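Printed here is final_30.cif (mmCIF, C-alpha atoms and all ligand atoms):
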```
data_structure
loop_
_atom_site.label_atom_id
_atom_site.label_comp_id
_atom_site.auth_asym_id
_atom_site.auth_seq_id
_atom_site.Cartn_x
_atom_site.Cartn_y
_atom_site.Cartn_z
CA MET A 1 -15.40 69.04 -117.79
CA ARG A 2 -12.44 70.16 -115.60
CA LYS A 3 -9.61 67.63 -115.25
CA LEU A 4 -8.53 68.44 -111.68
CA THR A 5 -5.69 65.91 -111.93
CA ASN A 6 -2.43 67.83 -111.47
CA ILE A 7 -3.20 70.70 -109.16
CA MET A 8 -0.69 73.45 -108.44
CA VAL A 9 -1.44 74.98 -105.03
CA THR A 10 0.57 78.16 -104.57
CA GLY A 11 1.26 79.24 -100.98
CA GLY A 12 0.49 75.72 -99.76
CA ALA A 13 2.93 76.04 -96.84
CA GLY A 14 1.00 78.97 -95.37
CA PHE A 15 -2.04 79.01 -93.10
CA ILE A 16 -5.00 78.54 -95.47
CA GLY A 17 -3.05 76.71 -98.19
CA SER A 18 -1.71 74.02 -95.85
CA ASN A 19 -5.16 73.48 -94.36
CA PHE A 20 -6.53 73.25 -97.93
CA ILE A 21 -4.06 70.51 -98.90
CA ARG A 22 -4.87 68.55 -95.74
CA TYR A 23 -8.60 69.07 -96.41
CA LEU A 24 -8.23 67.56 -99.91
CA PHE A 25 -6.23 64.53 -98.79
CA ASP A 26 -8.86 63.90 -96.11
CA ARG A 27 -11.52 63.44 -98.84
CA PRO A 28 -11.59 59.82 -100.07
CA GLU A 29 -13.11 60.98 -103.39
CA PHE A 30 -10.05 63.16 -104.10
CA LYS A 31 -7.72 61.20 -106.41
CA GLY A 32 -5.55 63.99 -107.81
CA THR A 33 -1.93 65.07 -107.31
CA ILE A 34 -0.93 68.26 -105.51
CA ILE A 35 2.12 70.30 -106.38
CA ASN A 36 2.69 72.73 -103.52
CA VAL A 37 4.63 75.75 -104.84
CA ASP A 38 5.85 78.01 -102.07
CA LYS A 39 8.77 80.37 -101.58
CA LEU A 40 8.77 79.73 -97.81
CA THR A 41 8.71 83.31 -96.58
CA TYR A 42 8.53 83.97 -92.83
CA ALA A 43 4.86 82.83 -93.07
CA GLY A 44 5.52 79.61 -94.98
CA ASN A 45 6.39 76.45 -93.13
CA ALA A 46 6.89 73.10 -94.86
CA GLU A 47 6.57 71.50 -91.40
CA ASN A 48 2.81 72.18 -91.59
CA LEU A 49 2.45 69.29 -94.05
CA ILE A 50 5.00 66.77 -92.77
CA ASP A 51 2.20 64.26 -92.10
CA ILE A 52 0.90 64.59 -95.68
CA ASP A 53 4.45 64.39 -97.07
CA LYS A 54 5.05 61.12 -95.18
CA ILE A 55 1.95 59.47 -96.62
CA TYR A 56 1.69 60.93 -100.12
CA GLY A 57 5.16 62.43 -100.77
CA LYS A 58 6.71 61.65 -104.21
CA ALA A 59 3.47 59.89 -105.23
CA ARG A 60 0.56 62.35 -105.01
CA TYR A 61 2.16 65.23 -103.09
CA PHE A 62 5.16 67.23 -104.29
CA PHE A 63 6.72 70.25 -102.64
CA GLU A 64 8.54 72.76 -104.86
CA LYS A 65 10.31 75.67 -103.20
CA THR A 66 9.78 78.33 -105.88
CA ASP A 67 8.97 82.03 -105.95
CA ILE A 68 5.89 82.82 -108.05
CA CYS A 69 7.78 85.92 -109.24
CA ASP A 70 10.32 83.63 -110.94
CA LEU A 71 8.78 83.28 -114.41
CA GLU A 72 11.28 80.69 -115.70
CA GLY A 73 10.95 78.67 -112.49
CA ILE A 74 7.15 78.51 -112.85
CA LYS A 75 7.46 77.54 -116.53
CA ARG A 76 9.83 74.71 -115.57
CA LEU A 77 7.21 73.42 -113.11
CA PHE A 78 4.57 73.45 -115.83
CA GLU A 79 6.90 71.41 -118.08
CA LYS A 80 7.61 68.99 -115.25
CA TYR A 81 4.06 68.39 -113.97
CA ALA A 82 1.64 69.25 -116.81
CA MET A 83 -0.57 71.22 -114.46
CA ASP A 84 -4.30 71.41 -115.35
CA THR A 85 -5.41 73.43 -112.32
CA VAL A 86 -3.91 76.30 -110.33
CA ILE A 87 -5.33 77.26 -106.94
CA HIS A 88 -3.53 80.47 -106.10
CA PHE A 89 -3.21 81.16 -102.35
CA ALA A 90 0.35 82.57 -102.32
CA ALA A 91 0.47 86.17 -101.12
CA GLU A 92 1.88 88.52 -98.58
CA SER A 93 -1.15 88.50 -96.30
CA HIS A 94 -0.66 90.68 -93.22
CA VAL A 95 -2.15 94.20 -93.33
CA ASP A 96 0.20 95.68 -90.68
CA ARG A 97 3.27 94.48 -92.59
CA SER A 98 1.88 96.04 -95.79
CA ILE A 99 1.66 99.40 -94.03
CA PHE A 100 5.28 99.35 -92.90
CA GLY A 101 6.77 97.63 -95.98
CA PRO A 102 4.49 97.57 -99.03
CA LYS A 103 7.07 96.54 -101.67
CA ASP A 104 6.92 92.76 -101.14
CA PHE A 105 3.13 92.99 -101.40
CA MET A 106 3.31 94.62 -104.80
CA GLU A 107 5.89 92.11 -106.03
CA THR A 108 4.26 88.91 -104.85
CA ASN A 109 0.59 89.81 -104.95
CA ILE A 110 0.60 91.73 -108.24
CA MET A 111 3.67 90.64 -110.22
CA GLY A 112 3.53 87.06 -108.91
CA THR A 113 -0.11 86.73 -109.99
CA PHE A 114 0.73 88.33 -113.34
CA ASN A 115 3.50 85.74 -113.90
CA LEU A 116 1.21 82.82 -113.13
CA LEU A 117 -1.44 84.18 -115.48
CA GLU A 118 1.16 84.63 -118.23
CA VAL A 119 2.29 81.02 -117.85
CA VAL A 120 -1.23 79.55 -117.93
CA ARG A 121 -2.12 81.77 -120.89
CA GLU A 122 0.76 80.20 -122.82
CA TYR A 123 0.44 76.60 -121.61
CA TRP A 124 -3.33 76.27 -121.65
CA ARG A 125 -4.09 78.03 -124.92
CA GLY A 126 -7.50 76.91 -126.23
CA ARG A 127 -8.14 74.43 -123.41
CA GLU A 128 -11.40 74.33 -121.49
CA ASP A 129 -10.63 71.45 -119.11
CA VAL A 130 -8.32 73.66 -116.99
CA LEU A 131 -8.89 76.26 -114.25
CA PHE A 132 -7.06 79.11 -112.52
CA HIS A 133 -8.76 79.78 -109.18
CA HIS A 134 -7.68 83.02 -107.56
CA ILE A 135 -8.04 83.34 -103.78
CA SER A 136 -8.85 86.84 -102.59
CA THR A 137 -10.23 88.83 -99.73
CA ASP A 138 -13.28 90.86 -98.73
CA GLU A 139 -10.89 93.77 -98.00
CA VAL A 140 -10.93 94.75 -101.70
CA TYR A 141 -14.46 96.14 -101.17
CA GLY A 142 -13.28 98.75 -98.64
CA SER A 143 -14.88 99.48 -95.29
CA LEU A 144 -18.53 99.44 -94.14
CA GLY A 145 -20.38 101.65 -91.67
CA GLU A 146 -22.76 100.19 -89.12
CA THR A 147 -25.04 98.65 -91.75
CA GLY A 148 -24.78 97.00 -95.15
CA TYR A 149 -22.86 94.10 -96.69
CA PHE A 150 -20.30 93.41 -99.39
CA PHE A 151 -21.85 91.76 -102.47
CA GLU A 152 -20.01 90.39 -105.50
CA THR A 153 -21.22 93.52 -107.32
CA THR A 154 -19.90 96.01 -104.71
CA PRO A 155 -17.40 98.36 -106.38
CA TYR A 156 -13.79 97.87 -105.31
CA ASP A 157 -12.45 100.45 -102.82
CA PRO A 158 -9.20 99.05 -101.35
CA ARG A 159 -7.66 101.18 -98.62
CA SER A 160 -4.46 99.49 -97.43
CA PRO A 161 -1.41 98.54 -99.51
CA TYR A 162 -2.39 94.89 -98.88
CA SER A 163 -5.96 95.27 -100.16
CA ALA A 164 -4.82 97.46 -103.06
CA SER A 165 -2.39 94.72 -104.14
CA LYS A 166 -5.10 92.05 -103.83
CA ALA A 167 -7.57 94.21 -105.79
CA SER A 168 -4.96 94.56 -108.55
CA SER A 169 -4.44 90.82 -108.70
CA ASP A 170 -8.22 90.20 -108.84
CA ASN A 171 -8.45 92.65 -111.74
CA LEU A 172 -5.60 90.92 -113.56
CA ALA A 173 -7.33 87.56 -113.20
CA LYS A 174 -10.58 89.06 -114.55
CA ALA A 175 -8.73 90.73 -117.43
CA TYR A 176 -7.02 87.47 -118.45
CA HIS A 177 -10.39 85.76 -118.53
CA HIS A 178 -12.03 88.54 -120.51
CA THR A 179 -9.19 89.18 -122.98
CA TYR A 180 -7.48 85.80 -123.39
CA HIS A 181 -10.33 83.47 -122.30
CA VAL A 182 -8.19 81.92 -119.56
CA PRO A 183 -10.68 79.87 -117.47
CA VAL A 184 -10.69 81.79 -114.18
CA THR A 185 -12.77 81.77 -111.01
CA ILE A 186 -12.28 84.13 -108.04
CA SER A 187 -13.34 83.97 -104.40
CA ASN A 188 -13.34 86.84 -101.88
CA CYS A 189 -13.40 85.63 -98.30
CA SER A 190 -13.70 87.17 -94.85
CA ASN A 191 -11.32 86.63 -91.86
CA ASN A 192 -10.24 83.03 -91.38
CA TYR A 193 -9.16 81.38 -88.15
CA GLY A 194 -7.94 77.89 -87.23
CA PRO A 195 -4.73 75.86 -86.77
CA TYR A 196 -1.39 76.80 -88.38
CA GLN A 197 -2.16 80.55 -88.58
CA PHE A 198 0.98 82.61 -88.05
CA PRO A 199 0.78 84.21 -84.58
CA GLU A 200 0.76 87.77 -85.89
CA LYS A 201 -2.97 87.70 -86.79
CA LEU A 202 -5.49 88.65 -84.11
CA ILE A 203 -6.73 85.25 -82.86
CA PRO A 204 -3.44 83.29 -82.67
CA LEU A 205 -1.58 86.36 -81.36
CA MET A 206 -4.09 86.73 -78.52
CA ILE A 207 -3.98 83.00 -77.71
CA GLN A 208 -0.19 83.11 -77.65
CA ASN A 209 0.03 86.26 -75.52
CA ILE A 210 -2.59 85.04 -73.06
CA GLN A 211 -0.71 81.78 -72.64
CA GLU A 212 2.49 83.74 -71.97
CA GLU A 213 0.64 86.34 -69.82
CA LYS A 214 1.85 89.17 -72.09
CA PRO A 215 -0.14 92.37 -72.91
CA LEU A 216 -3.02 91.90 -75.38
CA PRO A 217 -2.74 94.84 -77.84
CA VAL A 218 -6.17 96.01 -79.01
CA TYR A 219 -6.01 98.66 -81.74
CA GLY A 220 -7.91 101.96 -81.31
CA ASP A 221 -11.23 101.66 -79.46
CA GLY A 222 -11.50 97.91 -80.17
CA LYS A 223 -14.82 98.40 -81.93
CA ASN A 224 -13.72 97.48 -85.44
CA ILE A 225 -15.74 94.55 -86.73
CA ARG A 226 -14.61 91.45 -88.60
CA ASP A 227 -16.61 88.50 -89.96
CA TRP A 228 -14.94 85.25 -88.84
CA LEU A 229 -14.95 81.91 -90.66
CA TYR A 230 -13.28 78.60 -89.73
CA VAL A 231 -10.56 77.80 -92.26
CA ASP A 232 -12.06 74.42 -93.29
CA ASP A 233 -15.32 76.14 -94.19
CA HIS A 234 -13.38 78.50 -96.47
CA ASN A 235 -11.56 75.56 -98.04
CA ALA A 236 -14.77 73.58 -98.56
CA ALA A 237 -16.12 76.60 -100.47
CA VAL A 238 -12.95 76.85 -102.58
CA TRP A 239 -13.11 73.16 -103.48
CA LEU A 240 -16.79 73.51 -104.48
CA ILE A 241 -15.97 76.47 -106.73
CA VAL A 242 -13.06 74.63 -108.29
CA ASN A 243 -15.34 71.68 -109.06
CA ARG A 244 -18.56 73.41 -110.01
CA GLY A 245 -18.15 77.20 -110.06
CA ASN A 246 -18.92 78.99 -113.31
CA THR A 247 -15.89 80.19 -115.23
CA GLY A 248 -15.48 83.96 -115.11
CA GLU A 249 -17.48 84.27 -111.86
CA THR A 250 -16.64 85.73 -108.48
CA TYR A 251 -18.00 84.14 -105.30
CA ASN A 252 -18.08 85.80 -101.88
CA ILE A 253 -17.38 83.52 -98.90
CA GLY A 254 -18.06 84.62 -95.32
CA GLY A 255 -18.91 83.54 -91.82
CA GLU A 256 -22.03 85.68 -91.36
CA ASN A 257 -20.43 85.95 -87.93
CA GLU A 258 -19.58 89.56 -87.05
CA TRP A 259 -17.61 90.39 -83.92
CA GLU A 260 -16.23 93.60 -82.46
CA ASN A 261 -12.53 92.96 -81.77
CA ILE A 262 -12.83 93.76 -78.07
CA ARG A 263 -15.76 91.36 -77.59
CA LEU A 264 -13.82 88.64 -79.34
CA VAL A 265 -10.74 89.26 -77.17
CA HIS A 266 -12.95 88.97 -74.07
CA VAL A 267 -14.26 85.61 -75.28
CA LEU A 268 -10.70 84.41 -75.95
CA CYS A 269 -9.67 85.48 -72.44
CA GLU A 270 -12.57 83.54 -70.94
CA LYS A 271 -12.00 80.41 -73.02
CA MET A 272 -8.27 80.44 -72.24
CA ALA A 273 -9.01 80.90 -68.53
CA ASP A 274 -11.28 77.88 -68.71
CA ALA A 275 -8.65 75.82 -70.58
CA LEU A 276 -5.84 76.80 -68.18
CA GLY A 277 -7.83 76.59 -64.95
CA LYS A 278 -7.88 80.32 -64.08
CA GLY A 279 -10.72 82.59 -62.91
CA LYS A 280 -13.04 83.87 -65.66
CA ASP A 281 -11.61 87.42 -65.74
CA HIS A 282 -8.00 86.56 -64.95
CA TYR A 283 -6.58 87.30 -68.43
CA LYS A 284 -8.75 90.36 -69.17
CA GLU A 285 -6.34 92.44 -67.11
CA LEU A 286 -3.79 91.92 -69.88
CA ILE A 287 -5.92 93.86 -72.41
CA THR A 288 -4.07 97.01 -73.49
CA PHE A 289 -5.57 99.57 -75.86
CA VAL A 290 -2.81 100.70 -78.24
CA LYS A 291 -2.41 103.24 -81.06
CA ASP A 292 -4.74 102.44 -83.95
CA ARG A 293 -3.61 100.82 -87.22
CA PRO A 294 -3.25 103.62 -89.83
CA GLY A 295 -6.27 103.59 -92.16
CA HIS A 296 -7.91 100.84 -90.06
CA ASP A 297 -11.06 99.61 -91.88
CA ARG A 298 -14.02 99.83 -89.53
CA ARG A 299 -16.28 96.95 -90.48
CA TYR A 300 -16.30 94.03 -92.91
CA ALA A 301 -19.43 91.95 -93.52
CA ILE A 302 -19.92 89.53 -96.39
CA ASN A 303 -23.10 88.61 -98.18
CA CYS A 304 -22.51 85.04 -99.38
CA ASP A 305 -25.99 84.22 -100.72
CA LYS A 306 -24.62 83.54 -104.21
CA ILE A 307 -22.40 80.59 -103.29
CA LYS A 308 -25.13 79.22 -101.03
CA ARG A 309 -27.78 79.49 -103.72
CA GLU A 310 -25.72 78.38 -106.72
CA LEU A 311 -23.36 75.80 -105.23
CA GLY A 312 -25.15 74.74 -102.03
CA TRP A 313 -22.27 75.77 -99.72
CA ARG A 314 -22.95 76.35 -96.00
CA GLN A 315 -20.74 77.21 -93.01
CA SER A 316 -20.50 74.10 -90.83
CA TYR A 317 -18.54 75.34 -87.79
CA ASP A 318 -20.23 76.99 -84.84
CA PHE A 319 -17.91 79.87 -83.75
CA GLY A 320 -17.64 78.70 -80.12
CA LYS A 321 -16.67 75.17 -81.17
CA GLY A 322 -14.28 76.46 -83.84
CA LEU A 323 -12.54 78.66 -81.27
CA ASP A 324 -12.32 75.77 -78.78
CA LYS A 325 -10.73 73.57 -81.44
CA THR A 326 -8.30 76.34 -82.42
CA ILE A 327 -7.29 77.06 -78.80
CA ARG A 328 -6.76 73.33 -78.17
CA TRP A 329 -4.54 73.12 -81.27
CA TYR A 330 -2.35 76.06 -80.19
CA LEU A 331 -2.03 74.75 -76.64
CA ASP A 332 -1.03 71.34 -77.98
CA ASN A 333 1.48 72.92 -80.39
CA LEU A 334 3.30 75.52 -78.31
CA GLU A 335 6.64 74.50 -79.79
CA TRP A 336 5.32 75.00 -83.35
CA ALA A 337 4.43 78.60 -82.49
CA ASP A 338 7.83 79.19 -80.86
CA ARG A 339 9.58 77.82 -83.93
CA VAL A 340 7.66 79.90 -86.50
CA ARG A 341 7.94 83.10 -84.49
CA SER A 342 11.69 82.77 -84.09
CA GLY A 343 12.30 81.56 -87.65
CA GLU A 344 13.69 78.36 -86.09
CA HIS A 345 11.25 76.23 -88.11
CA ARG A 346 13.63 76.35 -91.09
CA LYS A 347 16.54 75.00 -89.07
CA TRP A 348 14.27 72.38 -87.47
CA MET A 349 13.07 71.19 -90.89
CA GLU A 350 16.61 71.01 -92.25
CA GLN A 351 17.80 68.99 -89.25
CA ASN A 352 14.84 66.62 -89.32
CA TYR A 353 13.94 66.35 -92.99
CA GLY A 354 16.78 67.89 -95.05
CA GLU A 355 16.79 71.22 -96.82
CA ARG A 356 13.53 72.43 -98.45
P1 LIG B 1 -0.08 83.21 -95.14
O1 LIG B 1 0.70 84.47 -95.02
O2 LIG B 1 -0.28 82.35 -93.94
O3 LIG B 1 0.60 82.26 -96.25
C1 LIG B 1 1.06 82.77 -97.47
C2 LIG B 1 1.94 81.70 -98.12
O4 LIG B 1 2.38 82.21 -99.39
C3 LIG B 1 3.20 81.36 -97.31
O5 LIG B 1 3.40 79.98 -97.27
C4 LIG B 1 4.32 82.06 -98.09
O6 LIG B 1 5.58 81.41 -97.96
C5 LIG B 1 3.79 81.97 -99.51
N1 LIG B 1 4.37 83.01 -100.38
C6 LIG B 1 4.47 84.35 -100.12
N2 LIG B 1 5.11 84.96 -101.14
C7 LIG B 1 5.38 84.00 -102.07
C8 LIG B 1 6.00 84.02 -103.34
N3 LIG B 1 6.49 85.14 -103.87
N4 LIG B 1 6.10 82.85 -104.03
C9 LIG B 1 5.63 81.69 -103.51
N5 LIG B 1 5.05 81.62 -102.30
C10 LIG B 1 4.92 82.75 -101.59
O7 LIG B 1 -1.46 83.63 -95.81
P2 LIG B 1 -2.92 83.02 -95.61
O8 LIG B 1 -3.56 83.69 -94.48
O9 LIG B 1 -2.85 81.55 -95.67
O10 LIG B 1 -3.62 83.59 -96.94
C11 LIG B 1 -3.65 82.81 -98.13
C12 LIG B 1 -4.44 83.56 -99.19
O11 LIG B 1 -5.77 83.79 -98.72
C13 LIG B 1 -3.88 84.94 -99.53
O12 LIG B 1 -4.03 85.13 -100.92
C14 LIG B 1 -4.77 85.91 -98.76
O13 LIG B 1 -4.83 87.15 -99.41
C15 LIG B 1 -6.09 85.17 -98.81
N6 LIG B 1 -7.04 85.44 -97.71
C16 LIG B 1 -6.64 85.30 -96.41
C17 LIG B 1 -7.57 85.48 -95.39
C18 LIG B 1 -7.19 85.31 -93.93
O14 LIG B 1 -8.01 85.59 -93.06
N7 LIG B 1 -6.00 84.85 -93.61
C19 LIG B 1 -8.89 85.81 -95.71
C20 LIG B 1 -9.26 85.96 -97.05
C21 LIG B 1 -8.32 85.76 -98.05
O1 LIG B 2 -10.79 90.10 -94.16
C1 LIG B 2 -9.88 89.18 -94.68
C2 LIG B 2 -8.48 89.55 -94.23
O2 LIG B 2 -8.39 89.23 -92.85
C3 LIG B 2 -7.39 88.82 -95.02
O3 LIG B 2 -7.45 89.22 -96.36
C4 LIG B 2 -6.01 89.13 -94.44
O4 LIG B 2 -5.03 88.36 -95.11
C5 LIG B 2 -6.01 88.76 -92.97
O5 LIG B 2 -4.77 89.11 -92.40
C6 LIG B 2 -7.14 89.47 -92.24
O6 LIG B 2 -6.90 90.90 -92.18
P1 LIG B 2 -7.22 91.74 -90.84
O7 LIG B 2 -6.43 92.97 -90.86
O8 LIG B 2 -8.69 91.85 -90.64
O9 LIG B 2 -6.68 90.68 -89.75
P2 LIG B 2 -5.84 90.86 -88.40
O10 LIG B 2 -5.84 89.55 -87.72
O11 LIG B 2 -4.52 91.52 -88.63
O12 LIG B 2 -6.73 91.87 -87.56
C7 LIG B 2 -8.08 91.59 -87.22
C8 LIG B 2 -8.62 92.80 -86.48
O13 LIG B 2 -7.98 92.88 -85.20
C9 LIG B 2 -8.36 94.13 -87.16
O14 LIG B 2 -9.47 94.99 -86.93
C10 LIG B 2 -7.13 94.67 -86.45
C11 LIG B 2 -7.28 94.12 -85.04
N1 LIG B 2 -6.03 93.81 -84.33
C12 LIG B 2 -5.11 93.02 -84.94
C13 LIG B 2 -3.94 92.68 -84.31
C14 LIG B 2 -2.90 91.82 -85.01
C15 LIG B 2 -5.81 94.28 -83.03
O15 LIG B 2 -6.68 95.00 -82.47
N2 LIG B 2 -4.65 93.95 -82.39
C16 LIG B 2 -3.69 93.18 -82.99
O16 LIG B 2 -2.64 92.91 -82.36
#
```

Could you express the structure from this file as structure tokens?
Amino acid sequence: MRKLTNIMVTGGAGFIGSNFIRYLFDRPEFKGTIINVDKLTYAGNAENLIDIDKIYGKARYFFEKTDICDLEGIKRLFEKYAMDTVIHFAAESHVDRSIFGPKDFMETNIMGTFNLLEVVREYWRGREDVLFHHISTDEVYGSLGETGYFFETTPYDPRSPYSASKASSDNLAKAYHHTYHVPVTISNCSNNYGPYQFPEKLIPLMIQNIQEEKPLPVYGDGKNIRDWLYVDDHNAAVWLIVNRGNTGETYNIGGENEWENIRLVHVLCEKMADALGKGKDHYKELITFVKDRPGHDRRYAINCDKIKRELGWRQSYDFGKGLDKTIRWYLDNLEWADRVRSGEHRKWMEQNYGER
């Protein structure tokens, strides 16, 4: 039986991690303690969890500004909190950044994961009531043509520095399970969307640019396909795996919701026009086809039958409603987006809540 009492969430100040922590504290049955371990890179923002900090801070929620590459720092946290679970979200996550500067991706995604695995190997020796859950991506499987799906058994074929670093970290997690019997589970998920996503990723970038009437950069011919999933649906799947997933197993998580980028951008233009009282096609004039991303994967599509069959998970968000909710959140939080884009969120946090 897993303890799930002192849970280290790495990368809990980022997009998916902060939504995960909020998701857990919204569940009355959740009685554990969360230790959010985050280096606060450009993508990390402690402000995302100010509400949680106010209610649970210093009792069941602790924030620790630590780099997962700092082995001694991570060991100190294990001494301090007696962690029995690690849910590992922390990563450099943006494909374009990995193309122009891959080094941080190798350090955090590979060496950071290696460090965490080394620490749990030492601290959890012989224990079976503990778990290391590794969060990963469908991009490790490569790129699909017009047909077919990624299964858990699909051979890895990463093609960007980002996906290569994530594939390496998945393999390390599998190796530590196989060789040292560290209790590990892994999930590979498709594209997430929702509140608190840094406005460099497609959906929040488009929302932001539409709102500011700036050009909407669509890469290549706009016909690349992604499979979109609302962030809470991803997090519900992660929590199910952490509770009931079989040790040593990989679970695919996906939206079963494929969209060509250009079609999705059209829908965003229409929804934003509706929200801001403009004509249906008003914002489509901003669409600008730009030079393609080097090595741009054509299509991702996840088969997630395994988690549905074995753990009873289902997507619960309709895409239209999820997009409406996301657009509403960004329009209600324009200052949040300004702060994270300019790096001003750090100064704002220091002024309002002290240094983090
Ligand atoms: P994000 O970039 O929004 O957040 C990453 C977080 O990790 C930030 O808070 C950052 O400060 C922190 N971090 C980075 N380097 C660190 C380090 N060395 N030490 C400690 N903290 C560090 O990313 P996200 O979109 O929330 O992705 C979270 C995880 O989910 C990643 O592992 C990513 O590969 C995976 N994933 C993301 C998606 C998606 O669509 N966004 C889909 C599937 C899987
Ligand atoms: O599939 C899961 C992955 O999804 C995660 O592992 C990554 O962390 C996450 O960033 C995401 O990767 P993508 O590269 O698919 O996401 P991004 O939002 O950068 O791009 C989505 C698609 O939109 C992709 O085909 C590239 C295109 N795009 C993106 C941007 C930022 C554009 O056409 N214009 C843009 O400005």

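Nearest to ligand LIG 2 (chain B) of all the residues A:Lys39, A:Arg298, A:Arg60, A:Arg309 is A:Arg298, based on only C-alpha atoms and all ligand atoms.
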
Of the candidates A:Tyr180, A:Phe63, A:Phe89, A:Phe151, which shows the shortest atom-to-atom distance to Gly112 (chain A), using all atoms listed in the file?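 Using all atoms listed in the file, Gly112 (chain A) sits closest to A:Phe89.
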
Find the residues with any atom within 9 Å of (6.2, 80.3, -96.1); use all atoms listed in the file and the coordinates as given in the file, and write the answer as a list in words.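 Here is the list of nearby residues: Gly11, Gly12, Ala13, Gly14, Phe15, Asp38, Lys39, Leu40, Thr41, Tyr42, Ala43, Gly44, Asn45, Ala46 and Ala90 of chain A.
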
Residues at most 10 Å from His177 (chain A), counting all atoms listed in the file, excluding those fewer than 4 positions away in the same chain, as JSON, numbers by chain? {"A": [117, 121, 132, 171, 172, 173, 181, 182, 183, 184, 185, 247, 248, 249]}

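Nearest to Tyr176 (chain A) of all the residues A:Ile16, A:Val119, A:Leu323, A:Leu276 is A:Val119, counting all atoms listed in the file.
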
Between CA of Gly145 (chain A) and atom C12 of ligand LIG 1 (chain B), measure the distance and give it in Å to one decimal.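 Computing it gives 25.3 Å between the two atoms.
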
What does the structure give for the distance between CA of Tyr149 (chain A) and CA of Asn109 (chain A), in Å to one decimal?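 Separating CA of Tyr149 (chain A) from CA of Asn109 (chain A) is a distance of 25.2 Å.
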
Which residue, A:Phe105, A:Trp239, A:Tyr317, A:Tyr61, has the smallest gap to ligand LIG 1 (chain B) when you use all atoms listed in the file? A:Phe105

Compare A:Pro155, A:Gly254, A:Gly32, A:Gly245 by their minimum atom-to-atom distance to ligand LIG 1 (chain B), counting only C-alpha atoms and all ligand atoms, and give me the closest one. A:Gly254

For Asp157 (chain A), find every residue with an atom within 8 Å (counting all atoms listed in the file), except residues of its own chain fewer than 6 positions away, and show them as a PyMOL selection string. chain A and resi 140-143

For Ile241 (chain A), work out the shell of residues within 9 Å, counting all atoms listed in the file and skipping chain neighbours fewer than 4 positions away, then give it as a PyMOL selection string. chain A and resi 133+185-187+236-237+245-246+251+307+311

Nearest-residue call for Lys174 (chain A), choices A:Thr147, A:Thr113, A:Thr154, A:Thr326, using all atoms listed in the file: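 Smallest distance to Lys174 (chain A) is found for A:Thr113.
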
Work out how far apart CA of Glu122 (chain A) and CA of Gly73 (chain A) are and give it in Å to one decimal. 14.6 Å

Using all atoms listed in the file, find all polymer residues with an atom at most 10 Å away from the point (-12.9, 77.0, -78.2); report them as a PyMOL selection string. chain A and resi 267-268+270-272+274-275+318-329
